[in-house]
Amino acid sequence: MLTTKLIHPALIHALARCGHGSKILIADGNYPLAEKSGNAEQISLGLTPGLPTVTQVLQAIHSVVEIEKAEVMVPEDGSVPEIFPEFRAELHGMALEGLGRYEFYDACMAPGQVALAISTGEQRTFANLLLTIGCA
């Protein structure tokens, strides 16, 4: 029996195939995953509206891989989405690199750039996170 925080078999399998520099998209429930994640392996985790949250998925993934970079989709009006402090807390204060909506889509759709794309039940807007795996 697994003793890590992450016990989802498909996620463990997908993460095991990733390496240093691989990118993982954790998307909110509003994100058009089918159209905006390139050729990434897609895993749908949305169970009910709101569950799981992007932060919950981030915590599980962060328990098994090192993260060296985090990119977020930022609103055009310059406001800070309510979920960003949760991302920073889980990532121990790591800077979040902001990308405009279409820049974020482009980063997620570039061929061969995103290894894994995960959809959640997250209902908060701009709760999308593009992670780059680091080395331990």
# chains A, B, ... in the order shown; residues from 1 in each chain; ligands from 1
>>> select_by_dssp(residues="segment 6-120 of chain A", states="strand (DSSP E)", output="PyMOL selection string")
chain A and resi 23-27+41-44+67-73+96-99+114-119
>>> residues_around(residues="Ile61 of chain A", least_positions_apart="6", cutoff="10 Å", atoms="only C-alpha atoms", output="PDB file with all heavy atoms, in the first residue's frame")
ATOM      1  N   LYS A   5       1.205  11.058   0.039  1.00  0.00           N
ATOM      2  CA  LYS A   5      -0.063  11.781  -0.072  1.00  0.00           C
ATOM      3  C   LYS A   5      -0.752  11.486  -1.393  1.00  0.00           C
ATOM      4  O   LYS A   5      -1.964  11.538  -1.484  1.00  0.00           O
ATOM      5  CB  LYS A   5       0.177  13.291   0.033  1.00  0.00           C
ATOM      6  CG  LYS A   5       0.547  13.769   1.400  1.00  0.00           C
ATOM      7  CD  LYS A   5       0.689  15.277   1.400  1.00  0.00           C
ATOM      8  CE  LYS A   5       1.086  15.769   2.770  1.00  0.00           C
ATOM      9  NZ  LYS A   5       1.218  17.234   2.783  1.00  0.00           N
ATOM     10  N   LEU A   6       0.021  11.186  -2.415  1.00  0.00           N
ATOM     11  CA  LEU A   6      -0.530  10.930  -3.739  1.00  0.00           C
ATOM     12  C   LEU A   6      -0.715   9.429  -3.926  1.00  0.00           C
ATOM     13  O   LEU A   6       0.247   8.670  -3.894  1.00  0.00           O
ATOM     14  CB  LEU A   6       0.414  11.480  -4.822  1.00  0.00           C
ATOM     15  CG  LEU A   6      -0.049  11.296  -6.260  1.00  0.00           C
ATOM     16  CD1 LEU A   6      -1.370  12.007  -6.510  1.00  0.00           C
ATOM     17  CD2 LEU A   6       1.015  11.794  -7.224  1.00  0.00           C
ATOM     18  N   LEU A  11      -1.962   9.276 -11.995  1.00  0.00           N
ATOM     19  CA  LEU A  11      -1.066  10.406 -11.734  1.00  0.00           C
ATOM     20  C   LEU A  11       0.336   9.916 -11.387  1.00  0.00           C
ATOM     21  O   LEU A  11       1.324  10.468 -11.871  1.00  0.00           O
ATOM     22  CB  LEU A  11      -1.604  11.271 -10.600  1.00  0.00           C
ATOM     23  CG  LEU A  11      -2.632  12.321 -10.986  1.00  0.00           C
ATOM     24  CD1 LEU A  11      -3.147  13.053  -9.748  1.00  0.00           C
ATOM     25  CD2 LEU A  11      -2.063  13.300 -11.977  1.00  0.00           C
ATOM     26  N   ILE A  12       0.425   8.916 -10.555  1.00  0.00           N
ATOM     27  CA  ILE A  12       1.735   8.365 -10.199  1.00  0.00           C
ATOM     28  C   ILE A  12       2.447   7.853 -11.454  1.00  0.00           C
ATOM     29  O   ILE A  12       3.625   8.114 -11.665  1.00  0.00           O
ATOM     30  CB  ILE A  12       1.606   7.258  -9.133  1.00  0.00           C
ATOM     31  CG1 ILE A  12       1.158   7.865  -7.811  1.00  0.00           C
ATOM     32  CG2 ILE A  12       2.914   6.492  -8.966  1.00  0.00           C
ATOM     33  CD1 ILE A  12       0.778   6.844  -6.761  1.00  0.00           C
ATOM     34  N   LEU A  15       3.542  10.891 -13.603  1.00  0.00           N
ATOM     35  CA  LEU A  15       4.657  11.610 -12.972  1.00  0.00           C
ATOM     36  C   LEU A  15       5.955  10.809 -13.033  1.00  0.00           C
ATOM     37  O   LEU A  15       7.036  11.385 -13.158  1.00  0.00           O
ATOM     38  CB  LEU A  15       4.312  11.960 -11.523  1.00  0.00           C
ATOM     39  CG  LEU A  15       3.254  13.054 -11.354  1.00  0.00           C
ATOM     40  CD1 LEU A  15       2.809  13.132  -9.910  1.00  0.00           C
ATOM     41  CD2 LEU A  15       3.761  14.386 -11.854  1.00  0.00           C
ATOM     42  N   ILE A  24       3.871  20.341 -16.011  1.00  0.00           N
ATOM     43  CA  ILE A  24       2.580  19.801 -15.580  1.00  0.00           C
ATOM     44  C   ILE A  24       1.605  20.956 -15.468  1.00  0.00           C
ATOM     45  O   ILE A  24       1.887  21.955 -14.799  1.00  0.00           O
ATOM     46  CB  ILE A  24       2.703  19.121 -14.202  1.00  0.00           C
ATOM     47  CG1 ILE A  24       3.720  17.995 -14.239  1.00  0.00           C
ATOM     48  CG2 ILE A  24       1.344  18.620 -13.723  1.00  0.00           C
ATOM     49  CD1 ILE A  24       4.144  17.524 -12.856  1.00  0.00           C
ATOM     50  N   ILE A  26      -1.963  22.110 -14.015  1.00  0.00           N
ATOM     51  CA  ILE A  26      -3.088  21.825 -13.124  1.00  0.00           C
ATOM     52  C   ILE A  26      -4.112  22.913 -13.421  1.00  0.00           C
ATOM     53  O   ILE A  26      -3.842  24.097 -13.207  1.00  0.00           O
ATOM     54  CB  ILE A  26      -2.706  21.851 -11.633  1.00  0.00           C
ATOM     55  CG1 ILE A  26      -1.506  20.955 -11.349  1.00  0.00           C
ATOM     56  CG2 ILE A  26      -3.905  21.417 -10.781  1.00  0.00           C
ATOM     57  CD1 ILE A  26      -0.982  21.064  -9.922  1.00  0.00           C
ATOM     58  N   THR A  55      -5.325  23.641  -5.477  1.00  0.00           N
ATOM     59  CA  THR A  55      -4.372  23.605  -4.366  1.00  0.00           C
ATOM     60  C   THR A  55      -4.224  22.190  -3.810  1.00  0.00           C
ATOM     61  O   THR A  55      -3.109  21.756  -3.490  1.00  0.00           O
ATOM     62  CB  THR A  55      -4.805  24.575  -3.250  1.00  0.00           C
ATOM     63  OG1 THR A  55      -4.991  25.871  -3.823  1.00  0.00           O
ATOM     64  CG2 THR A  55      -3.761  24.668  -2.158  1.00  0.00           C
ATOM     65  N   ILE A  67       9.610  21.031  -7.464  1.00  0.00           N
ATOM     66  CA  ILE A  67       9.119  22.006  -8.436  1.00  0.00           C
ATOM     67  C   ILE A  67      10.119  23.158  -8.493  1.00  0.00           C
ATOM     68  O   ILE A  67      10.497  23.711  -7.459  1.00  0.00           O
ATOM     69  CB  ILE A  67       7.715  22.504  -8.044  1.00  0.00           C
ATOM     70  CG1 ILE A  67       6.742  21.325  -8.059  1.00  0.00           C
ATOM     71  CG2 ILE A  67       7.256  23.628  -8.975  1.00  0.00           C
ATOM     72  CD1 ILE A  67       5.402  21.596  -7.440  1.00  0.00           C
TER      73      ILE A  67
END
>>> residues_around(residues="Tyr31 of chain A", least_positions_apart="5", cutoff="12 Å", atoms="only C-alpha atoms", output="list of chain:residue names")
A:Leu25, A:Ile26, A:Lys36, A:Ser37, A:Ser44, A:Gly46, A:Val54, A:Met73, A:Arg101, A:Phe104, A:Tyr105, A:Cys108, A:Ala117, A:Ile118, A:Ser119, A:Thr120, A:Gly121, A:Glu122, A:Gln123, A:Arg124, A:Thr125, A:Phe126, A:Ala127, A:Asn128, A:Leu129
>>> write_last_selection(atoms="N, CA and C atoms", output="mmCIF file, in the first residue's frame")
data_model
loop_
_atom_site.group_PDB
_atom_site.id
_atom_site.type_symbol
_atom_site.label_atom_id
_atom_site.label_comp_id
_atom_site.auth_asym_id
_atom_site.auth_seq_id
_atom_site.Cartn_x
_atom_site.Cartn_y
_atom_site.Cartn_z
ATOM 1 N N LEU A 25 0.449 20.819 -16.103
ATOM 2 C CA LEU A 25 -0.613 21.804 -16.001
ATOM 3 C C LEU A 25 -1.654 21.295 -15.014
ATOM 4 N N ILE A 26 -1.963 22.110 -14.015
ATOM 5 C CA ILE A 26 -3.088 21.825 -13.124
ATOM 6 C C ILE A 26 -4.112 22.913 -13.421
ATOM 7 N N LYS A 36 -6.641 23.181 -25.104
ATOM 8 C CA LYS A 36 -5.520 24.051 -24.722
ATOM 9 C C LYS A 36 -4.455 23.345 -23.890
ATOM 10 N N SER A 37 -4.173 22.081 -24.212
ATOM 11 C CA SER A 37 -3.086 21.406 -23.500
ATOM 12 C C SER A 37 -2.190 20.608 -24.443
ATOM 13 N N SER A 44 -8.576 13.712 -15.871
ATOM 14 C CA SER A 44 -9.678 14.490 -15.304
ATOM 15 C C SER A 44 -9.940 14.025 -13.886
ATOM 16 N N GLY A 46 -11.932 16.109 -11.707
ATOM 17 C CA GLY A 46 -13.116 16.771 -11.184
ATOM 18 C C GLY A 46 -14.156 15.773 -10.722
ATOM 19 N N VAL A 54 -7.467 23.052 -7.116
ATOM 20 C CA VAL A 54 -6.126 23.066 -7.702
ATOM 21 C C VAL A 54 -5.083 22.970 -6.587
ATOM 22 N N MET A 73 -1.794 32.052 -14.905
ATOM 23 C CA MET A 73 -2.554 32.908 -15.803
ATOM 24 C C MET A 73 -3.024 34.115 -14.999
ATOM 25 N N ARG A 101 -3.612 35.543 -20.466
ATOM 26 C CA ARG A 101 -4.443 34.390 -20.813
ATOM 27 C C ARG A 101 -3.944 33.678 -22.070
ATOM 28 N N PHE A 104 -0.515 32.137 -21.702
ATOM 29 C CA PHE A 104 -0.610 30.911 -20.920
ATOM 30 C C PHE A 104 -1.083 29.769 -21.820
ATOM 31 N N TYR A 105 -2.131 30.012 -22.606
ATOM 32 C CA TYR A 105 -2.608 28.983 -23.541
ATOM 33 C C TYR A 105 -1.488 28.557 -24.483
ATOM 34 N N CYS A 108 0.953 26.275 -22.894
ATOM 35 C CA CYS A 108 0.400 24.941 -22.636
ATOM 36 C C CYS A 108 0.159 24.139 -23.910
ATOM 37 N N ALA A 117 -1.512 17.103 -18.194
ATOM 38 C CA ALA A 117 -2.515 18.134 -17.966
ATOM 39 C C ALA A 117 -3.624 17.534 -17.103
ATOM 40 N N ILE A 118 -3.912 18.191 -15.995
ATOM 41 C CA ILE A 118 -4.876 17.680 -15.013
ATOM 42 C C ILE A 118 -6.012 18.684 -14.859
ATOM 43 N N SER A 119 -7.231 18.231 -15.044
ATOM 44 C CA SER A 119 -8.372 19.106 -14.779
ATOM 45 C C SER A 119 -8.912 18.789 -13.393
ATOM 46 N N THR A 120 -9.395 19.820 -12.729
ATOM 47 C CA THR A 120 -9.921 19.685 -11.369
ATOM 48 C C THR A 120 -11.361 20.180 -11.331
ATOM 49 N N GLY A 121 -11.947 20.154 -10.164
ATOM 50 C CA GLY A 121 -13.279 20.712 -9.961
ATOM 51 C C GLY A 121 -13.232 22.142 -9.466
ATOM 52 N N GLU A 122 -12.041 22.733 -9.451
ATOM 53 C CA GLU A 122 -11.849 24.090 -8.940
ATOM 54 C C GLU A 122 -12.800 25.062 -9.626
ATOM 55 N N GLN A 123 -13.479 25.889 -8.826
ATOM 56 C CA GLN A 123 -14.424 26.852 -9.371
ATOM 57 C C GLN A 123 -13.897 28.277 -9.382
ATOM 58 N N ARG A 124 -12.828 28.551 -8.648
ATOM 59 C CA ARG A 124 -12.270 29.900 -8.671
ATOM 60 C C ARG A 124 -11.649 30.179 -10.036
ATOM 61 N N THR A 125 -11.767 31.423 -10.487
ATOM 62 C CA THR A 125 -11.217 31.780 -11.787
ATOM 63 C C THR A 125 -9.717 32.064 -11.668
ATOM 64 N N PHE A 126 -9.035 31.928 -12.789
ATOM 65 C CA PHE A 126 -7.588 32.131 -12.873
ATOM 66 C C PHE A 126 -6.836 31.239 -11.882
ATOM 67 N N ALA A 127 -7.338 30.036 -11.693
ATOM 68 C CA ALA A 127 -6.708 29.084 -10.783
ATOM 69 C C ALA A 127 -5.963 28.014 -11.578
ATOM 70 N N ASN A 128 -5.241 28.445 -12.605
ATOM 71 C CA ASN A 128 -4.479 27.534 -13.457
ATOM 72 C C ASN A 128 -2.996 27.686 -13.146
ATOM 73 N N LEU A 129 -2.313 26.567 -13.110
ATOM 74 C CA LEU A 129 -0.927 26.548 -12.685
ATOM 75 C C LEU A 129 -0.121 25.643 -13.604
#
>>> atom_distance(atom1="atom CA of Gly134 of chain A", atom2="atom CA of Tyr102 of chain A")
25.2 Å
>>> closest_residue(among="A:Ala110, A:Ala27, A:Leu2, A:Leu99", to="Gln42 of chain A", atoms="only C-alpha atoms")
A:Ala27
>>> select_by_dssp(residues="chain A", states="helix (DSSP H, G or I)", output="ChimeraX atom specification")
/A:9-16,54-62,84-90,101-109
